[in-house]
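Colleague: My structure file target_8.cif, mmCIF, C-alpha atoms and all ligand atoms, is below:
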data_coords
loop_
_atom_site.label_atom_id
_atom_site.label_comp_id
_atom_site.auth_asym_id
_atom_site.auth_seq_id
_atom_site.Cartn_x
_atom_site.Cartn_y
_atom_site.Cartn_z
CA LEU A 1 0.00 0.00 0.00
CA THR A 2 1.57 3.32 -1.00
CA THR A 3 0.49 6.90 -0.72
CA ASN A 4 1.78 9.88 -2.65
CA SER A 5 3.38 13.12 -1.64
CA SER A 6 4.48 15.82 -4.04
CA THR A 7 5.72 18.27 -1.40
CA ALA A 8 9.36 17.51 -2.00
CA ALA A 9 8.89 16.52 -5.57
CA GLY A 10 9.80 19.47 -7.82
CA LYS A 11 11.35 17.76 -10.80
CA HIS A 12 11.78 14.62 -8.74
CA GLU A 13 9.84 11.45 -9.10
CA PRO A 14 6.96 11.56 -6.60
CA LEU A 15 7.83 10.37 -3.13
CA ARG A 16 5.87 7.16 -2.72
CA LEU A 17 6.06 6.04 0.86
CA PRO A 18 4.64 2.82 2.28
CA ALA A 19 1.86 3.38 4.81
CA ALA A 20 4.15 1.90 7.48
CA TYR A 21 6.26 5.08 7.24
CA ASP A 22 3.28 7.28 8.21
CA PRO A 23 4.47 8.13 11.76
CA VAL A 24 7.54 9.85 10.24
CA ARG A 25 6.12 11.03 6.89
CA PRO A 26 6.81 14.78 7.42
CA GLU A 27 10.39 14.08 8.48
CA LEU A 28 10.97 11.75 5.50
CA ILE A 29 9.83 14.55 3.21
CA ARG A 30 12.38 16.82 4.90
CA VAL A 31 15.04 14.15 4.34
CA ALA A 32 14.20 14.14 0.63
CA GLU A 33 14.33 17.95 0.55
CA MET A 34 17.69 17.98 2.33
CA ILE A 35 19.15 15.55 -0.21
CA ALA A 36 17.72 17.56 -3.12
CA ALA A 37 19.26 20.73 -1.66
CA GLN A 38 22.70 19.08 -1.73
CA VAL A 39 22.75 18.93 -5.52
CA LYS A 40 20.48 21.86 -6.39
CA HIS A 41 23.28 24.29 -7.20
CA ASP A 42 25.60 21.88 -9.00
CA ASP A 43 26.20 23.46 -12.39
CA GLU A 44 26.97 21.89 -15.79
CA PRO A 45 28.29 19.33 -16.46
CA VAL A 46 28.19 17.89 -12.91
CA GLY A 47 24.61 18.90 -12.04
CA PRO A 48 22.78 16.53 -14.37
CA VAL A 49 24.83 13.55 -13.12
CA MET A 50 24.20 14.33 -9.45
CA ARG A 51 20.53 15.07 -10.04
CA HIS A 52 20.09 11.86 -12.01
CA ILE A 53 21.06 10.07 -8.80
CA THR A 54 19.11 12.10 -6.29
CA THR A 55 15.90 12.35 -8.30
CA SER A 56 15.46 8.61 -8.63
CA ARG A 57 13.68 7.46 -5.53
CA GLY A 58 14.72 4.42 -3.59
CA SER A 59 12.64 2.71 -0.93
CA MET A 60 13.89 5.15 1.77
CA ILE A 61 13.91 2.22 4.19
CA ARG A 62 17.18 3.33 5.82
CA PRO A 63 16.07 6.89 6.74
CA ALA A 64 12.70 5.44 7.76
CA LEU A 65 14.52 3.13 10.20
CA VAL A 66 16.50 6.06 11.63
CA LEU A 67 13.39 8.17 12.11
CA LEU A 68 11.13 5.43 13.45
CA SER A 69 13.81 4.19 15.85
CA GLY A 70 14.10 7.73 17.18
CA LYS A 71 10.35 8.27 17.26
CA CYS A 72 9.91 5.29 19.59
CA PHE A 73 11.27 7.62 22.28
CA GLY A 74 9.45 10.89 21.58
CA GLN A 75 9.65 13.86 19.23
CA LEU A 76 12.20 13.94 16.43
CA SER A 77 14.81 16.67 16.04
CA VAL A 78 16.71 18.13 13.10
CA SER A 79 19.53 15.69 13.96
CA HIS A 80 17.28 12.73 13.10
CA VAL A 81 16.45 14.32 9.75
CA ARG A 82 20.12 15.02 9.03
CA ILE A 83 21.08 11.45 9.89
CA GLY A 84 18.26 10.21 7.64
CA ALA A 85 19.65 12.24 4.75
CA ILE A 86 23.18 11.04 5.47
CA VAL A 87 22.30 7.32 5.46
CA GLU A 88 20.30 7.65 2.25
CA MET A 89 23.18 9.50 0.58
CA ILE A 90 25.74 6.90 1.70
CA HIS A 91 23.41 4.18 0.44
CA SER A 92 23.04 5.93 -2.95
CA ALA A 93 26.82 6.33 -3.18
CA SER A 94 27.25 2.62 -2.50
CA LEU A 95 24.77 1.75 -5.26
CA LEU A 96 26.67 3.93 -7.74
CA HIS A 97 29.77 1.88 -7.03
CA ASP A 98 27.87 -1.39 -6.85
CA ASP A 99 26.35 -0.82 -10.28
CA VAL A 100 29.82 -0.30 -11.72
CA LEU A 101 31.04 -3.53 -10.10
CA ASP A 102 27.96 -5.42 -11.32
CA GLN A 103 27.96 -3.71 -14.75
CA ALA A 104 24.29 -2.93 -14.11
CA GLN A 105 22.38 -0.90 -16.67
CA LEU A 106 19.11 -0.58 -14.79
CA ARG A 107 18.38 0.70 -11.29
CA ARG A 108 15.09 1.95 -9.86
CA GLY A 109 13.60 1.53 -13.33
CA ARG A 110 16.08 3.95 -14.91
CA THR A 111 19.34 3.65 -16.80
CA THR A 112 22.18 3.63 -14.27
CA THR A 113 24.68 6.48 -13.95
CA ASN A 114 27.40 4.18 -15.30
CA GLY A 115 25.08 3.31 -18.17
CA LEU A 116 24.61 6.98 -19.05
CA TRP A 117 27.97 8.56 -18.21
CA GLY A 118 30.33 5.59 -17.90
CA ASN A 119 32.09 3.88 -15.00
CA ASP A 120 34.57 6.69 -14.25
CA CYS A 121 31.86 9.30 -13.77
CA ALA A 122 29.67 6.94 -11.74
CA VAL A 123 32.51 6.17 -9.32
CA LEU A 124 33.39 9.86 -8.97
CA ALA A 125 29.74 10.87 -8.47
CA GLY A 126 29.55 8.22 -5.73
CA ASP A 127 32.67 9.71 -4.12
CA CYS A 128 31.10 13.20 -4.24
CA LEU A 129 27.90 12.02 -2.62
CA LEU A 130 29.81 10.14 0.06
CA ALA A 131 31.93 13.19 0.90
CA ARG A 132 28.83 15.39 1.10
CA ALA A 133 27.16 12.89 3.41
CA PHE A 134 30.13 13.00 5.77
CA SER A 135 30.16 16.77 5.58
CA ILE A 136 26.58 16.86 6.91
CA SER A 137 27.67 14.41 9.59
CA GLY A 138 30.30 16.98 10.67
CA GLU A 139 27.50 19.49 11.31
CA LEU A 140 26.09 17.14 13.95
CA GLN A 141 29.26 17.62 16.04
CA SER A 142 28.99 14.20 17.63
CA VAL A 143 31.94 11.84 17.69
CA GLN A 144 29.59 8.94 18.50
CA ILE A 145 27.40 9.61 15.46
CA SER A 146 30.33 10.23 13.09
CA ARG A 147 32.09 7.10 14.24
CA THR A 148 28.95 4.96 13.96
CA LEU A 149 28.41 6.18 10.39
CA ALA A 150 32.05 5.70 9.39
CA ASP A 151 32.27 2.22 10.95
CA ALA A 152 29.07 1.06 9.25
CA THR A 153 30.25 2.43 5.88
CA GLN A 154 33.60 0.73 6.35
CA SER A 155 31.82 -2.58 7.08
CA MET A 156 29.77 -2.18 3.93
CA CYS A 157 32.90 -1.66 1.84
CA ARG A 158 34.65 -4.60 3.53
CA GLY A 159 31.66 -6.89 2.86
CA GLU A 160 31.57 -5.80 -0.74
CA LEU A 161 35.33 -6.32 -1.04
CA ARG A 162 35.02 -9.78 0.49
CA GLN A 163 32.24 -10.67 -1.94
CA ASN A 164 34.24 -9.44 -4.90
CA LEU A 165 37.35 -11.33 -3.82
CA LEU A 166 35.20 -14.46 -3.64
CA ARG A 167 33.64 -14.08 -7.10
CA GLY A 168 33.59 -17.47 -8.78
CA HIS A 169 34.21 -19.28 -5.47
CA TRP A 170 30.97 -21.24 -5.65
CA ASP A 171 31.68 -23.56 -2.76
CA ILE A 172 32.05 -21.08 0.09
CA ASN A 173 29.98 -22.16 3.06
CA GLU A 174 26.90 -20.64 4.60
CA GLU A 175 28.85 -19.11 7.46
CA THR A 176 31.20 -17.25 5.12
CA TYR A 177 28.24 -16.00 3.12
CA GLY A 178 26.49 -14.89 6.31
CA LYS A 179 29.59 -12.83 7.17
CA ILE A 180 29.47 -11.15 3.76
CA LEU A 181 25.83 -10.19 4.24
CA GLU A 182 26.34 -9.01 7.78
CA ASP A 183 29.14 -6.68 6.64
CA LYS A 184 27.62 -5.63 3.35
CA THR A 185 24.07 -4.91 4.52
CA GLY A 186 23.34 -5.98 8.10
CA ARG A 187 25.67 -3.58 9.87
CA PHE A 188 24.43 -0.55 7.96
CA PHE A 189 20.82 -1.32 8.85
CA LYS A 190 21.96 -1.85 12.43
CA ALA A 191 23.66 1.56 12.40
CA CYS A 192 20.50 3.26 11.07
CA CYS A 193 18.46 2.02 14.04
CA ILE A 194 21.21 2.75 16.56
CA LEU A 195 21.66 6.27 15.17
CA GLY A 196 17.95 6.98 15.58
CA GLY A 197 18.31 5.93 19.23
CA ILE A 198 21.51 7.95 19.75
CA ALA A 199 19.81 11.10 18.43
CA SER A 200 16.99 10.41 20.93
CA ARG A 201 19.58 10.01 23.70
CA VAL A 202 18.53 6.51 24.77
CA GLY A 203 20.68 4.28 26.99
CA SER A 204 23.07 1.56 25.88
CA SER A 205 20.78 -1.45 26.51
CA THR A 206 18.09 0.15 24.33
CA LEU A 207 20.70 0.85 21.64
CA GLN A 208 21.54 -2.84 21.76
CA ASN A 209 17.90 -3.78 21.21
CA LEU A 210 17.61 -1.35 18.31
CA GLY A 211 20.88 -2.63 16.86
CA GLY A 212 19.74 -6.25 17.06
CA PHE A 213 16.53 -5.30 15.31
CA GLY A 214 18.36 -3.42 12.53
CA LEU A 215 20.94 -6.14 11.99
CA ASN A 216 18.29 -8.82 11.56
CA VAL A 217 16.12 -6.63 9.33
CA GLY A 218 19.20 -6.00 7.17
CA MET A 219 20.01 -9.71 6.92
CA ALA A 220 16.41 -10.53 6.00
CA PHE A 221 16.43 -7.69 3.47
CA GLN A 222 19.58 -8.89 1.69
CA HIS A 223 18.54 -12.57 1.63
CA THR A 224 15.20 -11.48 0.16
CA ASP A 225 16.98 -9.27 -2.39
CA ASP A 226 19.18 -12.26 -3.34
CA LEU A 227 16.12 -14.44 -3.73
CA LEU A 228 14.35 -11.87 -5.87
CA ASP A 229 17.42 -11.75 -8.14
CA ILE A 230 16.51 -15.36 -8.98
CA ILE A 231 12.72 -15.41 -8.86
CA GLY A 232 11.66 -11.76 -9.18
CA ASP A 233 10.92 -9.70 -12.26
CA GLU A 234 12.50 -6.60 -13.73
CA ALA A 235 9.22 -4.65 -13.90
CA THR A 236 8.76 -4.89 -10.12
CA SER A 237 12.37 -4.61 -8.97
CA GLY A 238 13.44 -1.94 -11.48
CA LYS A 239 16.76 -3.81 -11.83
CA GLU A 240 18.12 -6.52 -14.10
CA GLN A 241 17.42 -10.08 -13.00
CA ASN A 242 20.06 -12.79 -12.63
CA SER A 243 22.74 -10.22 -11.80
CA ASP A 244 24.45 -12.30 -9.09
CA LEU A 245 25.06 -15.33 -11.26
CA ALA A 246 26.02 -13.16 -14.24
CA ASN A 247 28.64 -11.49 -12.02
CA ARG A 248 29.89 -14.84 -10.68
CA LYS A 249 28.60 -14.04 -7.18
CA THR A 250 27.19 -16.91 -5.23
CA THR A 251 24.23 -16.47 -2.88
CA LEU A 252 22.68 -18.69 -0.22
CA ALA A 253 20.37 -20.53 -2.64
CA PHE A 254 23.34 -21.81 -4.68
CA ILE A 255 25.34 -22.62 -1.55
CA ARG A 256 22.40 -24.68 -0.24
CA LEU A 257 21.94 -26.41 -3.57
CA LEU A 258 25.60 -27.46 -3.74
CA ALA A 259 25.64 -28.61 -0.12
CA GLY A 260 22.95 -31.19 -0.84
CA LEU A 261 24.61 -32.79 -3.87
CA ASP A 262 26.84 -35.86 -4.03
CA ALA A 263 30.37 -35.42 -5.40
CA ARG A 264 29.49 -36.23 -9.02
CA ARG A 265 26.44 -33.97 -9.16
CA LYS A 266 28.29 -31.24 -7.31
CA ALA A 267 31.09 -31.28 -9.90
CA ALA A 268 28.51 -31.01 -12.69
CA MET A 269 26.72 -28.15 -10.94
CA LEU A 270 30.00 -26.29 -10.30
CA LYS A 271 30.70 -26.55 -14.01
CA LYS A 272 27.27 -25.10 -14.82
CA LEU A 273 27.67 -22.27 -12.33
CA GLY A 274 31.05 -21.43 -13.82
CA THR A 275 29.69 -21.29 -17.36
CA ARG A 276 29.36 -17.74 -18.69
CA GLY A 277 25.81 -16.83 -19.59
CA GLN A 278 24.33 -19.45 -17.27
CA SER A 279 20.89 -18.19 -16.26
CA ALA A 280 19.35 -18.66 -12.85
CA ALA A 281 16.09 -19.46 -14.64
CA ALA A 282 17.68 -22.57 -16.14
CA LEU A 283 18.75 -23.65 -12.66
CA ARG A 284 15.32 -23.01 -11.13
CA PRO A 285 14.20 -26.67 -11.30
CA SER A 286 17.36 -27.81 -9.48
CA LEU A 287 17.03 -25.03 -6.91
CA THR A 288 13.39 -25.82 -6.32
CA GLN A 289 13.90 -29.56 -6.13
CA ALA A 290 16.67 -29.10 -3.56
CA GLY A 291 14.36 -26.84 -1.50
CA ALA A 292 17.08 -24.18 -1.79
CA LEU A 293 14.74 -21.26 -2.52
CA LYS A 294 12.43 -22.19 0.34
CA TYR A 295 15.51 -22.52 2.56
CA VAL A 296 16.61 -18.93 1.83
CA PHE A 297 13.08 -17.71 2.48
CA ASP A 298 13.06 -19.55 5.84
CA VAL A 299 16.42 -18.05 6.79
CA ALA A 300 15.12 -14.56 5.95
CA ALA A 301 11.90 -15.23 7.89
CA ALA A 302 13.92 -16.40 10.92
CA HIS A 303 15.83 -13.10 10.84
CA VAL A 304 12.51 -11.23 10.78
CA GLU A 305 11.36 -13.15 13.84
CA ARG A 306 14.64 -12.39 15.62
CA ALA A 307 14.22 -8.72 14.74
CA VAL A 308 10.70 -8.70 16.15
CA LYS A 309 11.94 -10.23 19.43
CA CYS A 310 14.62 -7.55 19.79
CA LEU A 311 11.93 -4.87 20.06
CA ARG A 312 10.00 -6.63 22.84
CA PRO A 313 11.57 -4.57 25.66
CA LEU A 314 10.49 -1.28 24.02
CA SER A 315 7.22 0.37 25.13
CA ASP A 316 4.41 0.18 22.61
CA SER A 317 4.01 3.13 20.25
CA HIS A 318 2.95 3.87 16.67
CA ALA A 319 6.61 4.07 15.73
CA LYS A 320 7.37 0.65 17.23
CA ALA A 321 4.36 -0.85 15.42
CA ALA A 322 5.67 0.68 12.19
CA LEU A 323 9.12 -0.85 12.72
CA LEU A 324 7.50 -4.24 13.24
CA GLU A 325 5.41 -3.77 10.10
CA ILE A 326 8.53 -2.91 8.09
CA ALA A 327 10.28 -6.03 9.39
CA ARG A 328 7.34 -8.26 8.46
CA SER A 329 6.92 -6.61 5.05
CA ILE A 330 10.41 -7.68 3.97
CA THR A 331 9.65 -11.34 3.41
CA ALA A 332 6.14 -10.44 2.23
CA ARG A 333 7.82 -9.30 -1.01
CA ILE A 334 8.23 -12.99 -1.84
CA ASP A 335 5.37 -14.97 -3.33
CA PRO A 336 5.66 -18.38 -1.55
CA GLY A 337 4.18 -20.03 -4.65
CA ARG A 338 7.38 -19.18 -6.55
CA LEU A 339 9.59 -21.08 -4.13
CA GLU A 340 8.46 -24.61 -4.95
C1 LIG B 1 24.00 -3.98 -3.10
O1 LIG B 1 24.37 -5.26 -3.40
C2 LIG B 1 25.22 -3.27 -2.55
C3 LIG B 1 25.54 -3.08 -1.27
C4 LIG B 1 24.66 -3.53 -0.17
C5 LIG B 1 26.80 -2.41 -0.83
C6 LIG B 1 27.67 -1.87 -1.95
C7 LIG B 1 28.92 -1.28 -1.41
C8 LIG B 1 29.97 -0.91 -2.18
C9 LIG B 1 29.97 -1.07 -3.66
C10 LIG B 1 31.17 -0.31 -1.53
C11 LIG B 1 31.29 1.16 -1.79
C12 LIG B 1 30.51 1.90 -0.78
C13 LIG B 1 30.39 3.25 -0.69
C14 LIG B 1 29.69 3.83 0.45
C15 LIG B 1 30.93 4.19 -1.71
P1 LIG B 1 23.66 -6.15 -4.49
O2 LIG B 1 24.43 -6.07 -5.76
O3 LIG B 1 23.47 -7.51 -3.91
O4 LIG B 1 22.22 -5.49 -4.62
P2 LIG B 1 21.47 -4.96 -5.90
O5 LIG B 1 20.66 -6.12 -6.36
O6 LIG B 1 20.58 -3.85 -5.38
O7 LIG B 1 22.45 -4.48 -6.91
MG MG B 2 24.29 -5.03 -7.51
#
Turn the structure described in the file into structure tokens.
Ligand code: FPP
Ligand code: MG

Modeller:
Amino acid sequence: LTTNSSTAAGKHEPLRLPAAYDPVRPELIRVAEMIAAQVKHDDEPVGPVMRHITTSRGSMIRPALVLLSGKCFGQLSVSHVRIGAIVEMIHSASLLHDDVLDQAQLRRGRTTTNGLWGNDCAVLAGDCLLARAFSISGELQSVQISRTLADATQSMCRGELRQNLLRGHWDINEETYGKILEDKTGRFFKACCILGGIASRVGSSTLQNLGGFGLNVGMAFQHTDDLLDIIGDEATSGKEQNSDLANRKTTLAFIRLLAGLDARRKAAMLKKLGTRGQSAAALRPSLTQAGALKYVFDVAAAHVERAVKCLRPLSDSHAKAALLEIARSITARIDPGRLE
């Protein structure tokens, strides 16, 4: 269920926010305005590149997590909004680089920056956005906030580096893959929730609860994203399908499939996985038969349940209910009928 807001739109795509974000809708609009303001005065030839990035709307889940985590403890301040803008800008910067690494041509239903201006410009635009994000972070004058943002960004880069170093290594185990996801996605989600709490000046045990929630939501989110790369469709995701396999990146479904095969079948499957142009669609029957897709779904669902438990100690509020709804909506993106 989505509702529309054109307040921050201008030349931007309309801000479509899920109903779960309602408790922080005005602040999310201010986040979008703050990001737009960052690139408003960029002149030719840089302006169009930067505005191509900031006018294409993502899900805004990361700023929503910051704001809702903060809102669990009372009114929001300008610091929450700034942190929301920062995390969305860091996320956008990471996608600019990720799309270069994955040679992606489509993102959020639009041609990627690398597709339009080439890899060099996409990397540099990502660097610009990242530097601007950290400049806003300086305005917050909080070592704790700056360090949390920098550490989470560093984890994201390390996870991405690990995944890239392991391209083509199809027989890594589940634990190694879990570490990649925790670094690449989980820790950033964790930071978003913790930062919302820090800006609301909550104590360390509450920050731990928020962090546990964010980490598990992030893990569920990335497992679901991996699954949708195999069973989703371009029209819904706004991105190319089958990107992981095409880029020789394994995900949990393939790890699970290989783990259940005898030596002969495993060797044959490794050969298939290593074949350029191999489509995930062609491997769907094997994945389904092995229960590998259902397995990934169950792992994601278990993370959602863990996330939900982490919020138990928090007092009930609209914001808490919204966080729980966001957590549950992650696996709801998957049609169970497509898993078997
Ligand atoms: C999406 O992965 C990408 C990430 C979660 C992190 C990407 C991080 C980097 C490229 C490091 C550079 C970071 C910064 C801040 C400049 P995916 O390919 O699985 O998801 P997708 O399907 O959305 O492409
Ligand atoms: Mg990618």

Colleague: Could you give me, as a PyMOL selection string, every polymer residue with an atom at most 9 Å away from an atom of ligand LIG 1 (chain B), counting only C-alpha atoms and all ligand atoms?

Modeller: chain A and resi 89-102+104+107+123+126-127+129-130+153-161+181+183-186+188+222-223+225-226+228-229+237+239-241+243-244+249

Colleague: For Glu174 (chain A), list every protein, DNA or RNA residue within 8 Å, evaluated using all atoms listed in the file, and leave out those in the same chain fewer than 6 positions away; present the list as a PyMOL selection string.

Modeller: chain A and resi 252+255-256

Colleague: From the options A:Gly84, A:Pro48, A:Gly197, A:Gly70, which residue's atoms come nearest to Ile29 (chain A), counting only C-alpha atoms?

Modeller: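 Result for the nearest residue to Ile29 (chain A): A:Gly84.
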
Colleague: To one decimal place, how far is CA of Gly211 (chain A) from CA of Ala191 (chain A) in Å?

Modeller: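 Distance reported for this atom pair: 6.7 Å.
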
Colleague: Using Å and a single decimal, report how far CA of Asp298 (chain A) sits from CA of Leu166 (chain A).

Modeller: 24.6 Å

Colleague: Expressed in Å to a single decimal, how great is the separation between CA of Gly277 (chain A) and CA of Ala246 (chain A)?

Modeller: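 Going from CA of Gly277 (chain A) over to CA of Ala246 (chain A) covers 6.5 Å.
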
Colleague: From the list A:Leu106, A:Val308, A:Leu140, A:Cys192, which residue is nearest ligand MG 2 (chain B) when using all atoms listed in the file?

Modeller: A:Leu106

Colleague: Counting only C-alpha atoms, what is within 10 Å of Lys309 (chain A), bar same-chain residues fewer than 3 positions away, as a list in words?

Modeller: Asn209, Gly212, Phe213, His303, Val304, Glu305, Arg306, Arg312, Pro313 and Leu324 of chain A

Colleague: Would you mind telling me which residue in A:Arg108, A:Arg187, A:Arg284, A:Arg82 lies nearest to ligand MG 2 (chain B) when using all atoms listed in the file?

Modeller: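 The shortest atom-to-atom distance to ligand MG 2 (chain B) comes from A:Arg108.
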
Colleague: Where atoms are missing, can you supply all heavy atoms for region 93-102 of chain A and output the lot as an mmCIF file, in the frame of the given file?

Modeller:
data_model
loop_
_atom_site.group_PDB
_atom_site.id
_atom_site.type_symbol
_atom_site.label_atom_id
_atom_site.label_comp_id
_atom_site.auth_asym_id
_atom_site.auth_seq_id
_atom_site.Cartn_x
_atom_site.Cartn_y
_atom_site.Cartn_z
ATOM 1 N N ALA A 93 25.414 6.382 -2.733
ATOM 2 C CA ALA A 93 26.820 6.330 -3.180
ATOM 3 C C ALA A 93 27.252 4.874 -3.359
ATOM 4 O O ALA A 93 27.918 4.519 -4.340
ATOM 5 C CB ALA A 93 27.717 7.021 -2.158
ATOM 6 N N SER A 94 26.839 4.028 -2.418
ATOM 7 C CA SER A 94 27.250 2.620 -2.500
ATOM 8 C C SER A 94 26.630 1.955 -3.740
ATOM 9 O O SER A 94 27.265 1.124 -4.383
ATOM 10 C CB SER A 94 26.877 1.864 -1.220
ATOM 11 O OG SER A 94 25.511 1.494 -1.214
ATOM 12 N N LEU A 95 25.409 2.354 -4.075
ATOM 13 C CA LEU A 95 24.770 1.750 -5.260
ATOM 14 C C LEU A 95 25.452 2.201 -6.552
ATOM 15 O O LEU A 95 25.548 1.434 -7.515
ATOM 16 C CB LEU A 95 23.273 2.095 -5.309
ATOM 17 C CG LEU A 95 22.414 1.473 -4.206
ATOM 18 C CD1 LEU A 95 20.945 1.813 -4.421
ATOM 19 C CD2 LEU A 95 22.602 -0.046 -4.134
ATOM 20 N N LEU A 96 25.932 3.451 -6.557
ATOM 21 C CA LEU A 96 26.670 3.930 -7.740
ATOM 22 C C LEU A 96 27.877 3.046 -7.986
ATOM 23 O O LEU A 96 28.170 2.660 -9.120
ATOM 24 C CB LEU A 96 27.114 5.381 -7.538
ATOM 25 C CG LEU A 96 25.997 6.413 -7.674
ATOM 26 C CD1 LEU A 96 26.438 7.744 -7.104
ATOM 27 C CD2 LEU A 96 25.597 6.572 -9.135
ATOM 28 N N HIS A 97 28.588 2.737 -6.899
ATOM 29 C CA HIS A 97 29.770 1.880 -7.030
ATOM 30 C C HIS A 97 29.360 0.437 -7.332
ATOM 31 O O HIS A 97 29.984 -0.231 -8.147
ATOM 32 C CB HIS A 97 30.607 1.956 -5.753
ATOM 33 C CG HIS A 97 31.310 3.266 -5.577
ATOM 34 N ND1 HIS A 97 32.297 3.473 -4.642
ATOM 35 C CD2 HIS A 97 31.168 4.451 -6.223
ATOM 36 C CE1 HIS A 97 32.729 4.725 -4.714
ATOM 37 N NE2 HIS A 97 32.051 5.339 -5.662
ATOM 38 N N ASP A 98 28.322 -0.005 -6.659
ATOM 39 C CA ASP A 98 27.870 -1.390 -6.850
ATOM 40 C C ASP A 98 27.453 -1.632 -8.313
ATOM 41 O O ASP A 98 27.750 -2.684 -8.888
ATOM 42 C CB ASP A 98 26.691 -1.678 -5.914
ATOM 43 C CG ASP A 98 26.228 -3.118 -6.010
ATOM 44 O OD1 ASP A 98 27.001 -4.005 -5.620
ATOM 45 O OD2 ASP A 98 25.114 -3.355 -6.509
ATOM 46 N N ASP A 99 26.796 -0.654 -8.900
ATOM 47 C CA ASP A 99 26.350 -0.820 -10.280
ATOM 48 C C ASP A 99 27.525 -0.849 -11.260
ATOM 49 O O ASP A 99 27.446 -1.473 -12.315
ATOM 50 C CB ASP A 99 25.339 0.278 -10.661
ATOM 51 C CG ASP A 99 23.976 0.020 -10.021
ATOM 52 O OD1 ASP A 99 23.716 -1.135 -9.626
ATOM 53 O OD2 ASP A 99 23.176 0.960 -9.905
ATOM 54 N N VAL A 100 28.615 -0.198 -10.894
ATOM 55 C CA VAL A 100 29.820 -0.300 -11.720
ATOM 56 C C VAL A 100 30.380 -1.718 -11.586
ATOM 57 O O VAL A 100 30.657 -2.391 -12.580
ATOM 58 C CB VAL A 100 30.881 0.746 -11.279
ATOM 59 C CG1 VAL A 100 32.224 0.466 -11.944
ATOM 60 C CG2 VAL A 100 30.395 2.153 -11.619
ATOM 61 N N LEU A 101 30.486 -2.187 -10.335
ATOM 62 C CA LEU A 101 31.040 -3.530 -10.100
ATOM 63 C C LEU A 101 30.189 -4.604 -10.787
ATOM 64 O O LEU A 101 30.713 -5.582 -11.317
ATOM 65 C CB LEU A 101 31.108 -3.818 -8.593
ATOM 66 C CG LEU A 101 32.060 -2.928 -7.795
ATOM 67 C CD1 LEU A 101 31.858 -3.119 -6.298
ATOM 68 C CD2 LEU A 101 33.503 -3.226 -8.157
ATOM 69 N N ASP A 102 28.859 -4.418 -10.747
ATOM 70 C CA ASP A 102 27.960 -5.420 -11.320
ATOM 71 C C ASP A 102 27.618 -5.150 -12.791
ATOM 72 O O ASP A 102 26.780 -5.861 -13.373
ATOM 73 C CB ASP A 102 26.645 -5.473 -10.510
ATOM 74 C CG ASP A 102 26.847 -6.114 -9.143
ATOM 75 O OD1 ASP A 102 27.917 -6.696 -8.921
ATOM 76 O OD2 ASP A 102 25.931 -6.025 -8.299
#
